[in-house]
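**Q** Supplied structure: run-v8.tsv, TSV, C-alpha atoms.
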```tsv
chain	number	residue	atom	x	y	z
A	1	MET	CA	0.00	0.00	0.00
A	2	LYS	CA	1.51	3.33	-1.05
A	3	ARG	CA	2.04	5.66	1.89
A	4	VAL	CA	3.29	9.19	2.45
A	5	ALA	CA	4.78	10.88	5.51
A	6	VAL	CA	2.81	13.55	7.34
A	7	ARG	CA	3.99	15.75	10.17
A	8	ASN	CA	1.82	16.60	13.19
A	9	LEU	CA	2.74	20.25	13.74
A	10	ARG	CA	1.45	20.07	17.29
A	11	LEU	CA	4.03	17.43	18.22
A	12	CYS	CA	6.93	18.72	16.09
A	13	THR	CA	9.73	20.13	18.31
A	14	LYS	CA	11.85	21.27	15.34
A	15	ASP	CA	14.66	18.80	15.92
A	16	CYS	CA	14.89	18.71	12.13
A	17	ILE	CA	16.38	15.21	11.88
A	18	CYS	CA	13.84	14.67	9.09
A	19	LEU	CA	15.81	17.13	6.97
A	20	TYR	CA	19.00	15.05	7.34
A	21	VAL	CA	17.41	11.74	6.41
A	22	CYS	CA	14.97	12.69	3.64
A	23	PRO	CA	16.40	11.58	0.28
A	24	THR	CA	14.21	13.95	-1.77
A	25	GLY	CA	13.95	17.11	0.32
A	26	ALA	CA	10.19	16.56	0.82
A	27	THR	CA	10.42	17.45	4.51
A	28	ASP	CA	12.19	20.77	3.86
A	29	THR	CA	9.31	23.18	3.36
A	30	GLU	CA	8.64	26.71	4.59
A	31	ASN	CA	5.27	25.83	6.15
A	32	SER	CA	6.57	22.58	7.75
A	33	ILE	CA	4.01	20.50	5.83
A	34	ILE	CA	5.74	17.60	4.09
A	35	ASP	CA	5.53	17.89	0.31
A	36	VAL	CA	3.46	14.91	-0.84
A	37	GLU	CA	4.62	15.41	-4.43
A	38	LYS	CA	8.23	14.79	-3.40
A	39	CYS	CA	7.63	12.17	-0.68
A	40	ILE	CA	8.51	8.64	-1.86
A	41	GLY	CA	7.18	6.94	1.27
A	42	CYS	CA	10.59	5.64	2.46
A	43	GLU	CA	9.66	6.21	6.15
A	44	ASN	CA	13.19	7.45	7.06
A	45	CYS	CA	11.86	10.67	8.60
A	46	ALA	CA	9.14	8.94	10.64
A	47	LEU	CA	11.66	6.49	12.09
A	48	ALA	CA	14.22	9.22	12.82
A	49	CYS	CA	11.93	11.81	14.41
A	50	PRO	CA	12.71	11.99	18.15
A	51	SER	CA	9.32	13.48	19.05
A	52	SER	CA	7.29	10.96	16.99
A	53	ALA	CA	5.69	13.84	15.13
A	54	ILE	CA	5.77	12.12	11.74
A	55	SER	CA	3.54	9.21	10.78
A	56	MET	CA	2.98	7.31	7.56
A	57	VAL	CA	-0.53	7.56	6.14
A	58	PRO	CA	-1.90	5.41	3.32
A	59	LEU	CA	-3.00	7.03	0.06
A	60	GLU	CA	-5.76	4.45	-0.31
A	61	TYR	CA	-8.00	3.50	2.59
A	62	PRO	CA	-9.72	0.14	3.10
A	63	LYS	CA	-13.42	-0.35	2.34
A	64	GLN	CA	-16.13	0.40	4.89
A	65	GLN	CA	-16.91	-2.73	6.89
A	66	PRO	CA	-20.44	-4.07	6.28
A	67	LYS	CA	-23.06	-3.23	8.91
A	68	ASP	CA	-26.21	-5.06	9.97
A	69	ASP	CA	-29.38	-3.17	8.93
A	70	ALA	CA	-31.09	-3.53	12.30
A	71	MET	CA	-27.95	-2.27	14.08
A	72	VAL	CA	-27.80	0.71	11.75
A	73	ALA	CA	-31.46	1.47	12.49
A	74	THR	CA	-30.79	1.38	16.24
A	75	LEU	CA	-27.74	3.63	15.88
A	76	ASN	CA	-29.68	6.05	13.67
A	77	THR	CA	-32.36	6.29	16.35
A	78	LEU	CA	-29.70	7.04	18.97
A	79	ALA	CA	-28.07	9.66	16.70
A	80	GLN	CA	-31.48	11.30	16.16
A	81	SER	CA	-31.96	11.55	19.91
A	82	LYS	CA	-28.52	13.20	20.30
A	83	ALA	CA	-29.35	15.58	17.43
A	84	ASP	CA	-32.68	16.51	19.05
A	85	GLN	CA	-30.91	17.20	22.34
A	86	GLU	CA	-28.28	19.33	20.59
A	87	LYS	CA	-31.00	21.37	18.88
A	88	MET	CA	-32.93	21.73	22.13
A	89	ALA	CA	-29.81	22.87	24.02
A	90	LEU	CA	-29.06	25.45	21.30
A	91	GLN	CA	-32.64	26.75	21.45
A	92	ILE	CA	-32.47	27.08	25.25
A	93	ALA	CA	-29.05	28.83	25.01
A	94	GLY	CA	-30.40	31.19	22.35
A	95	GLY	CA	-33.38	32.15	24.45
A	96	THR	CA	-31.78	32.86	27.80
A	97	SER	CA	-29.95	35.80	29.37
A	98	LYS	CA	-28.71	33.64	32.27
A	99	ASP	CA	-24.97	33.00	32.11
A	100	SER	CA	-24.80	29.53	33.73
A	101	LEU	CA	-27.71	28.23	31.68
A	102	TYR	CA	-26.25	29.69	28.48
A	103	ARG	CA	-22.82	28.11	28.97
A	104	LEU	CA	-24.19	24.79	30.21
A	105	MET	CA	-26.44	24.51	27.17
A	106	LYS	CA	-23.61	25.48	24.77
A	107	ALA	CA	-21.42	22.82	26.40
A	108	ILE	CA	-24.20	20.23	26.12
A	109	ALA	CA	-24.86	21.11	22.47
A	110	LYS	CA	-21.17	20.63	21.65
A	111	SER	CA	-21.05	17.37	23.57
A	112	GLU	CA	-24.20	16.04	21.89
A	113	ARG	CA	-22.69	16.73	18.47
A	114	ILE	CA	-19.57	14.79	19.39
A	115	LEU	CA	-21.74	11.89	20.61
A	116	ALA	CA	-23.87	11.97	17.44
A	117	GLU	CA	-20.72	12.05	15.27
A	118	ASP	CA	-19.40	8.95	17.01
A	119	VAL	CA	-22.72	7.16	16.47
A	120	MET	CA	-22.88	8.10	12.76
A	121	ARG	CA	-19.32	6.87	12.35
A	122	GLU	CA	-20.39	3.42	13.55
A	123	ALA	CA	-23.64	3.58	11.58
A	124	GLY	CA	-21.64	3.15	8.37
A	125	PHE	CA	-19.96	6.51	7.81
A	126	MET	CA	-16.43	5.98	9.06
A	127	LEU	CA	-14.53	7.05	5.97
A	128	PRO	CA	-15.04	10.08	3.72
A	129	GLN	CA	-13.91	7.90	0.77
A	130	SER	CA	-16.46	5.15	1.42
A	131	HIS	CA	-19.20	4.15	-1.00
A	132	ASN	CA	-21.81	5.03	1.65
A	133	ALA	CA	-20.54	8.60	1.89
A	134	HIS	CA	-20.54	8.91	-1.89
A	135	ALA	CA	-24.08	7.56	-2.19
A	136	ILE	CA	-25.33	10.17	0.30
A	137	LEU	CA	-23.56	13.02	-1.49
A	138	GLU	CA	-24.91	11.86	-4.83
A	139	GLU	CA	-28.46	11.64	-3.52
A	140	LEU	CA	-28.21	15.11	-1.98
A	141	ILE	CA	-27.00	16.59	-5.26
A	142	GLU	CA	-29.86	14.90	-7.15
A	143	THR	CA	-32.57	15.82	-4.66
A	144	PRO	CA	-31.39	18.79	-2.58
A	145	PRO	CA	-33.37	19.22	0.68
A	146	THR	CA	-33.75	22.96	-0.01
A	147	PRO	CA	-32.79	25.18	-2.99
A	148	ASP	CA	-29.81	26.65	-1.10
A	149	PHE	CA	-28.11	23.27	-0.58
A	150	PRO	CA	-24.35	23.79	-1.22
A	151	ALA	CA	-24.25	21.36	-4.15
A	152	GLU	CA	-20.91	22.72	-5.36
A	153	ALA	CA	-19.23	21.59	-2.12
A	154	ALA	CA	-20.78	18.13	-2.43
A	155	ARG	CA	-19.69	17.86	-6.08
A	156	LYS	CA	-16.13	18.90	-5.23
A	157	LEU	CA	-15.99	16.30	-2.44
A	158	MET	CA	-17.07	13.51	-4.82
A	159	GLU	CA	-14.37	14.63	-7.23
A	160	ASN	CA	-11.57	14.99	-4.64
A	161	LEU	CA	-12.32	11.81	-2.71
A	162	PRO	CA	-12.75	8.94	-5.18
A	163	ASP	CA	-15.21	6.21	-4.11
A	164	ASN	CA	-13.14	3.31	-2.70
A	165	GLY	CA	-15.88	0.77	-3.45
B	166	MET	CA	-17.51	-1.34	50.99
B	167	LYS	CA	-16.54	0.31	47.69
B	168	TYR	CA	-18.55	2.77	45.62
B	169	ILE	CA	-17.82	3.29	41.93
B	170	CYS	CA	-18.33	6.44	39.88
B	171	SER	CA	-20.64	5.49	36.99
B	172	ILE	CA	-19.00	8.13	34.80
B	173	CYS	CA	-15.23	7.81	35.20
B	174	GLY	CA	-14.89	4.60	37.22
B	175	TYR	CA	-13.26	6.27	40.26
B	176	ILE	CA	-13.44	3.91	43.24
B	177	TYR	CA	-14.37	5.34	46.63
B	178	ASP	CA	-13.02	2.74	49.06
B	179	GLU	CA	-14.48	3.34	52.52
B	180	ALA	CA	-11.68	1.35	54.13
B	181	ALA	CA	-8.98	3.54	52.57
B	182	GLU	CA	-10.83	6.87	52.84
B	183	GLY	CA	-11.88	6.42	56.46
B	184	THR	CA	-15.31	8.05	55.98
B	185	PRO	CA	-18.39	5.94	55.22
B	186	PHE	CA	-19.83	6.86	51.81
B	187	GLU	CA	-23.23	7.58	53.34
B	188	ALA	CA	-21.62	10.12	55.70
B	189	LEU	CA	-20.29	12.26	52.83
B	190	PRO	CA	-22.20	15.52	52.32
B	191	ALA	CA	-24.88	15.54	49.60
B	192	ASP	CA	-22.88	18.04	47.53
B	193	TRP	CA	-19.74	15.86	47.61
B	194	LYS	CA	-18.29	15.38	44.11
B	195	CYS	CA	-16.19	12.70	42.43
B	196	PRO	CA	-12.57	13.84	42.94
B	197	LEU	CA	-11.68	12.83	39.38
B	198	CYS	CA	-14.60	13.92	37.17
B	199	LYS	CA	-16.76	15.92	39.61
B	200	ALA	CA	-19.81	13.73	39.07
B	201	ALA	CA	-22.49	14.03	41.76
B	202	LYS	CA	-22.58	11.70	44.78
B	203	THR	CA	-25.75	10.17	43.32
B	204	ASP	CA	-23.77	9.03	40.25
B	205	PHE	CA	-21.90	6.54	42.46
B	206	LYS	CA	-23.10	2.94	42.71
B	207	PRO	CA	-22.09	0.38	45.33
B	208	GLU	CA	-19.65	-2.17	43.95
B	209	ALA	CA	-21.84	-5.02	42.71
B	210	ALA	CA	-21.15	-8.66	43.28
B	211	PRO	CA	-20.15	-10.24	39.94
B	212	ALA	CA	-23.34	-11.15	38.08
B	213	PRO	CA	-23.90	-14.74	36.90
B	214	GLU	CA	-22.72	-15.16	33.29
B	215	ASP	CA	-25.98	-16.28	31.68
B	216	THR	CA	-28.24	-13.39	32.70
B	217	ALA	CA	-26.91	-10.62	30.48
B	218	PRO	CA	-27.94	-10.45	26.78
B	219	GLN	CA	-31.28	-12.30	26.85
B	220	THR	CA	-33.24	-9.40	25.38
B	221	ALA	CA	-30.97	-9.12	22.34
B	222	THR	CA	-33.09	-11.04	19.83
B	223	ALA	CA	-36.31	-9.34	20.80
B	224	ASP	CA	-34.72	-5.90	20.60
B	225	THR	CA	-33.20	-6.65	17.22
B	226	ALA	CA	-36.65	-7.55	15.93
B	227	THR	CA	-38.46	-4.52	17.35
B	228	ASN	CA	-35.78	-2.14	16.18
B	229	THR	CA	-35.97	-3.27	12.57
B	230	VAL	CA	-37.34	-0.58	10.30
B	231	PRO	CA	-38.20	-0.76	6.60
B	232	GLU	CA	-35.33	-0.35	4.16
B	233	ALA	CA	-36.63	3.00	2.90
B	234	ASP	CA	-36.51	4.59	6.37
B	235	LEU	CA	-32.90	3.50	6.78
B	236	LYS	CA	-31.74	5.56	3.87
B	237	LYS	CA	-33.70	8.69	4.71
B	238	LEU	CA	-31.57	10.57	7.21
B	239	SER	CA	-32.81	13.72	8.96
B	240	ALA	CA	-31.07	17.10	8.80
B	241	GLY	CA	-29.81	16.59	12.36
B	242	GLN	CA	-28.30	13.20	11.50
B	243	LEU	CA	-26.79	14.56	8.28
B	244	ALA	CA	-25.23	17.46	10.22
B	245	ALA	CA	-23.43	15.00	12.51
B	246	LEU	CA	-22.59	12.71	9.58
B	247	CYS	CA	-20.93	15.60	7.70
B	248	SER	CA	-19.09	17.07	10.69
B	249	ASN	CA	-17.83	13.56	11.47
B	250	LEU	CA	-16.51	13.14	7.92
B	251	ALA	CA	-14.91	16.60	8.27
B	252	ARG	CA	-13.04	15.29	11.30
B	253	GLY	CA	-12.08	12.22	9.28
B	254	CYS	CA	-10.60	14.46	6.58
B	255	GLU	CA	-8.71	16.50	9.20
B	256	LYS	CA	-7.12	13.32	10.49
B	257	MET	CA	-6.05	12.43	6.96
B	258	TYR	CA	-4.59	15.96	6.63
B	259	LYS	CA	-7.09	16.78	3.89
B	260	GLU	CA	-7.80	20.39	4.83
B	261	GLU	CA	-9.78	21.42	1.74
B	262	GLU	CA	-12.12	18.42	1.98
B	263	ALA	CA	-12.54	18.97	5.73
B	264	GLY	CA	-13.65	22.52	4.98
B	265	LEU	CA	-16.18	21.32	2.39
B	266	PHE	CA	-17.69	18.77	4.80
B	267	ARG	CA	-17.86	21.51	7.46
B	268	GLU	CA	-19.77	23.67	4.97
B	269	LEU	CA	-22.29	20.84	4.44
B	270	ALA	CA	-22.54	20.27	8.22
B	271	ALA	CA	-23.23	23.97	8.81
B	272	TYR	CA	-25.97	23.86	6.17
B	273	PHE	CA	-27.70	20.89	7.83
B	274	THR	CA	-27.33	22.47	11.28
B	275	LYS	CA	-29.03	25.56	9.89
B	276	ILE	CA	-31.99	23.72	8.35
B	277	THR	CA	-32.60	21.42	11.35
B	278	PRO	CA	-36.17	22.21	12.43
B	279	ALA	CA	-36.75	23.65	15.91
B	280	ILE	CA	-38.01	21.32	18.65
B	281	PRO	CA	-41.35	22.50	20.03
B	282	ASP	CA	-41.41	23.52	23.72
B	283	ALA	CA	-37.66	23.10	24.27
B	284	ASP	CA	-36.87	23.47	27.95
B	285	VAL	CA	-34.46	22.07	30.52
B	286	GLU	CA	-36.95	19.54	31.96
B	287	LYS	CA	-37.65	18.11	28.51
B	288	LEU	CA	-33.90	17.88	27.82
B	289	ALA	CA	-33.43	16.07	31.14
B	290	SER	CA	-36.05	13.50	30.18
B	291	LEU	CA	-34.48	12.88	26.75
B	292	LEU	CA	-31.09	12.35	28.40
B	293	GLN	CA	-32.64	9.86	30.81
B	294	GLY	CA	-34.28	8.09	27.86
B	295	ASP	CA	-30.87	7.65	26.21
B	296	ILE	CA	-29.33	6.35	29.44
B	297	ASN	CA	-32.11	3.76	29.65
B	298	SER	CA	-31.53	2.66	26.04
B	299	TYR	CA	-27.81	1.85	26.29
B	300	ASP	CA	-28.26	-1.63	27.79
B	301	SER	CA	-30.38	-2.87	24.89
B	302	ILE	CA	-28.12	-1.21	22.28
B	303	ARG	CA	-25.11	-2.90	23.85
B	304	ALA	CA	-26.94	-6.26	23.91
B	305	GLN	CA	-27.79	-5.92	20.22
B	306	ALA	CA	-24.20	-4.95	19.35
B	307	ASP	CA	-22.82	-7.89	21.36
B	308	ALA	CA	-25.27	-10.33	19.75
B	309	LEU	CA	-24.16	-9.16	16.29
B	310	LYS	CA	-20.49	-9.02	17.36
B	311	ASP	CA	-20.42	-5.39	16.18
B	312	ARG	CA	-17.40	-4.14	18.12
B	313	GLY	CA	-17.77	-0.57	16.89
B	314	ALA	CA	-21.40	-0.25	17.94
B	315	ALA	CA	-20.51	-1.69	21.35
B	316	ARG	CA	-17.69	0.84	21.68
B	317	VAL	CA	-20.07	3.73	20.97
B	318	CYS	CA	-21.99	2.66	24.08
B	319	VAL	CA	-18.94	2.80	26.37
B	320	TRP	CA	-18.05	6.49	26.13
B	321	GLY	CA	-21.54	7.46	25.00
B	322	GLU	CA	-23.22	6.15	28.11
B	323	LYS	CA	-20.68	7.74	30.48
B	324	VAL	CA	-20.86	11.12	28.76
B	325	THR	CA	-24.67	11.00	28.60
B	326	ARG	CA	-24.76	10.23	32.34
B	327	MET	CA	-22.53	13.24	32.98
B	328	LEU	CA	-24.78	15.52	30.89
B	329	SER	CA	-27.82	14.21	32.71
B	330	SER	CA	-26.11	14.74	36.07
B	331	LEU	CA	-25.22	18.37	35.17
B	332	VAL	CA	-28.74	19.15	33.95
B	333	THR	CA	-30.17	17.70	37.17
B	334	ARG	CA	-27.73	19.81	39.18
B	335	TYR	CA	-28.74	22.91	37.23
B	336	LEU	CA	-32.42	22.22	37.93
B	337	HIS	CA	-31.51	21.99	41.62
B	338	ASP	CA	-28.83	24.67	42.03
B	339	GLY	CA	-29.81	27.13	39.30
B	340	GLU	CA	-27.40	29.87	38.29
B	341	SER	CA	-24.86	29.09	41.06
B	342	LEU	CA	-23.77	26.06	38.97
B	343	LEU	CA	-21.15	27.94	36.96
B	344	ALA	CA	-20.76	31.08	39.12
B	345	GLY	CA	-17.11	32.14	39.11
B	346	THR	CA	-15.91	29.09	37.21
B	347	ASP	CA	-15.54	27.69	33.70
B	348	ILE	CA	-17.03	24.81	31.75
B	349	TRP	CA	-15.04	22.61	29.34
B	350	VAL	CA	-15.89	20.00	26.71
B	351	CYS	CA	-13.57	17.14	25.74
B	352	THR	CA	-13.41	17.38	21.94
B	353	ALA	CA	-12.64	13.66	21.66
B	354	CYS	CA	-15.51	12.09	23.65
B	355	GLY	CA	-17.80	14.98	24.66
B	356	PHE	CA	-17.21	14.73	28.43
B	357	VAL	CA	-18.16	18.01	30.17
B	358	TYR	CA	-16.12	19.31	33.11
B	359	ILE	CA	-16.67	22.26	35.44
B	360	GLY	CA	-13.54	23.91	36.87
B	361	GLU	CA	-10.99	26.68	36.41
B	362	THR	CA	-8.72	24.44	34.35
B	363	PRO	CA	-9.55	21.24	32.46
B	364	PRO	CA	-8.45	17.91	34.00
B	365	GLU	CA	-4.92	16.77	33.08
B	366	LEU	CA	-6.44	13.72	31.40
B	367	CYS	CA	-10.06	13.30	30.33
B	368	PRO	CA	-11.62	11.04	33.02
B	369	VAL	CA	-13.64	9.23	30.33
B	370	CYS	CA	-11.40	8.88	27.26
B	371	LYS	CA	-7.96	9.81	28.71
B	372	VAL	CA	-6.89	12.41	26.13
B	373	PRO	CA	-4.62	15.23	27.43
B	374	ASP	CA	-6.00	18.57	28.67
B	375	TRP	CA	-5.30	20.49	25.45
B	376	LYS	CA	-8.05	18.46	23.78
B	377	PHE	CA	-10.57	20.29	26.01
B	378	GLU	CA	-12.38	23.36	24.72
B	379	LYS	CA	-13.62	26.12	27.01
B	380	ILE	CA	-17.17	27.40	26.50
B	381	GLU	CA	-17.04	31.19	26.39
B	382	ARG	CA	-19.60	33.48	27.97
B	383	ARG	CA	-22.11	35.06	25.61
B	384	ALA	CA	-20.49	37.99	23.80
B	385	LYS	CA	-21.93	41.29	25.01
B	386	ALA	CA	-24.03	42.80	22.24
```
Take the structure from the file and write it as structure tokens.
**A**
Amino acid sequence: MKRVAVRNLRLCTKDCICLYVCPTGATDTENSIIDVEKCIGCENCALACPSSAISMVPLEYPKQQPKDDAMVATLNTLAQSKADQEKMALQIAGGTSKDSLYRLMKAIAKSERILAEDVMREAGFMLPQSHNAHAILEELIETPPTPDFPAEAARKLMENLPDNG
Amino acid sequence: MKYICSICGYIYDEAAEGTPFEALPADWKCPLCKAAKTDFKPEAAPAPEDTAPQTATADTATNTVPEADLKKLSAGQLAALCSNLARGCEKMYKEEEAGLFRELAAYFTKITPAIPDADVEKLASLLQGDINSYDSIRAQADALKDRGAARVCVWGEKVTRMLSSLVTRYLHDGESLLAGTDIWVCTACGFVYIGETPPELCPVCKVPDWKFEKIERRAKA
């Protein structure tokens, strides 16, 4: 599987060993982001980095694992409940002048979104490149929920992230 | 006797602490995650093996919905689906695609219809409903050997219990809940923490403190 090196800027402590070991100069960039055009996937930089800030990521990701329909239905129901709670918390936050209530509801709304995201991930939408994700985007482009649906963004995503099957 | 925090798993061991659990004040909090005293449960004797997932088959049957309903996701679900895929793109260092998924997520957040009569009591009852549902979801996931779905229940249930606990406290304490302090959300699992600084490690998912986000006060108009 072809891989390229990526640097986590948050972990990088600028020891710069990657510059010494990179055979193509891919790690030597002004913005510290490794040049994927130059990277040959040799892994030298990842192995040499003393702060483990460089990892090797695949260019192609594996297929979405199949999911049981009944399990998906259960997870969708749970995600809907989290989404309802997020919406409710945002409505309460929007309608109050009380500081504790406002911040508590904002915190809950954020938390509910994170919970719903995790549920949707396990309900068959783990990977942006998956067939499931593509099918949803395609359907949304064909039948937009409202006229102001950002179809251009959806189209660009389908183009940039080829369906991995 | 030992009492275990249902949110972070902290063990209050009466023998080691010297004070009986019952004697602790009602406003005593979990030293690790600040859950309420009522979120602690006495350490249970190990349950017999064969009692657990009996309801699995029945639940699987009742939860089955027609194929058409499966595919039709609501705006709220699509918002979470898109913001999740945005996170996925971020992790793959695909910044442009992450931005596009965020744009879609923002659109679905915007068109999500309002919930009628939204108030704190109603939110509390929805949270309790979710807490009650985790056992059957876990049983279904275990019966199908769906490791991912089972994992969703682990953090999800703990975080939901924490949210429920905080809402209950707000209903009881009112505006004193956050007076003079801050509130933080773990951006990995959604755990919510009240304090001047976030915990060194998230008590639920163990990520470091910089993964916590502070909720700011409403900007003065």
**Q** So, with only C-alpha atoms as the atoms that count, which of A:Asn31, A:Thr13, A:Asn164, A:Asn8 lies closest to chain B?
**A**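 When distances to chain B are compared using only C-alpha atoms, the smallest one comes from A:Asn8.
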**Q** Smallest atom-to-atom distance to chain B: which of A:Thr29, A:Met56, A:Thr143, A:Ser111, using all atoms listed in the file?
**A**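 Among A:Thr29, A:Met56, A:Thr143, A:Ser111, it is A:Ser111 that comes nearest to chain B.
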**Q** Quick one, how far is CA of Asp99 in chain A from CA of Leu342 in chain B?
**A**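 Distance reported for this atom pair: 9.8 Å.
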**Q** Near chain B, which residues of chain A fall within 6 Å when you count all atoms listed in the file, and what do they look like as a list in words?
**A**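 Taken together, these residues fit the definition: Ala70, Gln80, Ala83, Met88, Ser100, Ser111, Ile114, Ala116, Glu117, Met120, Glu122, Pro128 and Ala153 of chain A.
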**Q** I'd like the interatomic distance between CA of Leu197 in chain B and CA of Ala181 in chain B, to a tenth of an Å.
**A** 16.4 Å
**Q** Pick out the closest residue to Glu286 in chain B from this set: B:Arg326, B:Lys310, B:Lys167, B:Arg334. Count only C-alpha atoms.
**A**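 Nearest candidate to Glu286 in chain B out of B:Arg326, B:Lys310, B:Lys167, B:Arg334: B:Arg334.
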**Q** Between CA of Ala5 in chain A and CA of Cys42 in chain A, what distance in Å does the model show, to one decimal?
**A**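 Distance reported for this atom pair: 8.4 Å.
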**Q** Pick out the closest residue to Ile136 in chain A from this set: A:Leu11, A:Val21, A:Cys39, A:Leu157. Count all atoms listed in the file.
**A** A:Leu157
**Q** Using all atoms listed in the file, can you list as a tab-separated table (two decimals) with C-alpha atoms, in the coordinates of the input the residues within 12 Å of (5.3, 23.8, 16.5)?
**A**
```tsv
chain	number	residue	atom	x	y	z
A	7	ARG	CA	3.99	15.75	10.17
A	8	ASN	CA	1.82	16.60	13.19
A	9	LEU	CA	2.74	20.25	13.74
A	10	ARG	CA	1.45	20.07	17.29
A	11	LEU	CA	4.03	17.43	18.22
A	12	CYS	CA	6.93	18.72	16.09
A	13	THR	CA	9.73	20.13	18.31
A	14	LYS	CA	11.85	21.27	15.34
A	15	ASP	CA	14.66	18.80	15.92
A	16	CYS	CA	14.89	18.71	12.13
A	31	ASN	CA	5.27	25.83	6.15
A	32	SER	CA	6.57	22.58	7.75
A	33	ILE	CA	4.01	20.50	5.83
A	51	SER	CA	9.32	13.48	19.05
A	53	ALA	CA	5.69	13.84	15.13
```
**Q** Excluding same-chain residues fewer than 2 positions from Gln64 in chain A, what lies within 12 Å of it counting all atoms listed in the file, as a compact mmCIF listing (two decimals) with C-alpha atoms, keeping the file's coordinate frame?
**A**
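Produced file out.txt, reproduced below:
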```txt
# COMPACT_ATOMS: atom_id res chain seq x y z
CA TYR A 61 -8.00 3.50 2.59
CA PRO A 62 -9.72 0.14 3.10
CA PRO A 66 -20.44 -4.07 6.28
CA LYS A 67 -23.06 -3.23 8.91
CA ARG A 121 -19.32 6.87 12.35
CA GLU A 122 -20.39 3.42 13.55
CA ALA A 123 -23.64 3.58 11.58
CA GLY A 124 -21.64 3.15 8.37
CA PHE A 125 -19.96 6.51 7.81
CA MET A 126 -16.43 5.98 9.06
CA LEU A 127 -14.53 7.05 5.97
CA PRO A 128 -15.04 10.08 3.72
CA GLN A 129 -13.91 7.90 0.77
CA SER A 130 -16.46 5.15 1.42
CA HIS A 131 -19.20 4.15 -1.00
CA ASN A 132 -21.81 5.03 1.65
CA ALA A 133 -20.54 8.60 1.89
CA HIS A 134 -20.54 8.91 -1.89
CA ASP A 163 -15.21 6.21 -4.11
CA ASN A 164 -13.14 3.31 -2.70
CA GLY A 165 -15.88 0.77 -3.45
```
**Q** Once 5 Å is added on each side, what are the centre and the three edge lengths, in Å to one decimal, of the axis-aligned box enclosing the listed atoms of range 143-153 of chain A? Present them as JSON.
**A**
```
{"center_x": -26.5, "center_y": 21.2, "center_z": -2.3, "size_x": 24.5, "size_y": 20.8, "size_z": 16.0}
```
**Q** Give me the residues near range 170-175 of chain B as a PyMOL selection string, where near means some atom within 10 Å (using all atoms listed in the file) and where sequence neighbours in that chain fewer than 6 positions away do not count.
**A** chain B and resi 194-208+319-320+322-327+330+356+367-371
**Q** Quick one: residues within 9 Å of Asn44 in chain A, only C-alpha atoms, excluding same-chain residues fewer than 2 positions away - as a ChimeraX atom specification?
**A** /A:18,21-23,41-42,46-49
**Q** For each of A:Pro144, A:Glu112, A:Arg3, A:Ala135, take the minimum atom-to-atom distance to Glu60 in chain A, counting only C-alpha atoms, then give the residue where this is smallest.
**A**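 Checking each candidate against Glu60 in chain A, we get A:Arg3 as the closest.
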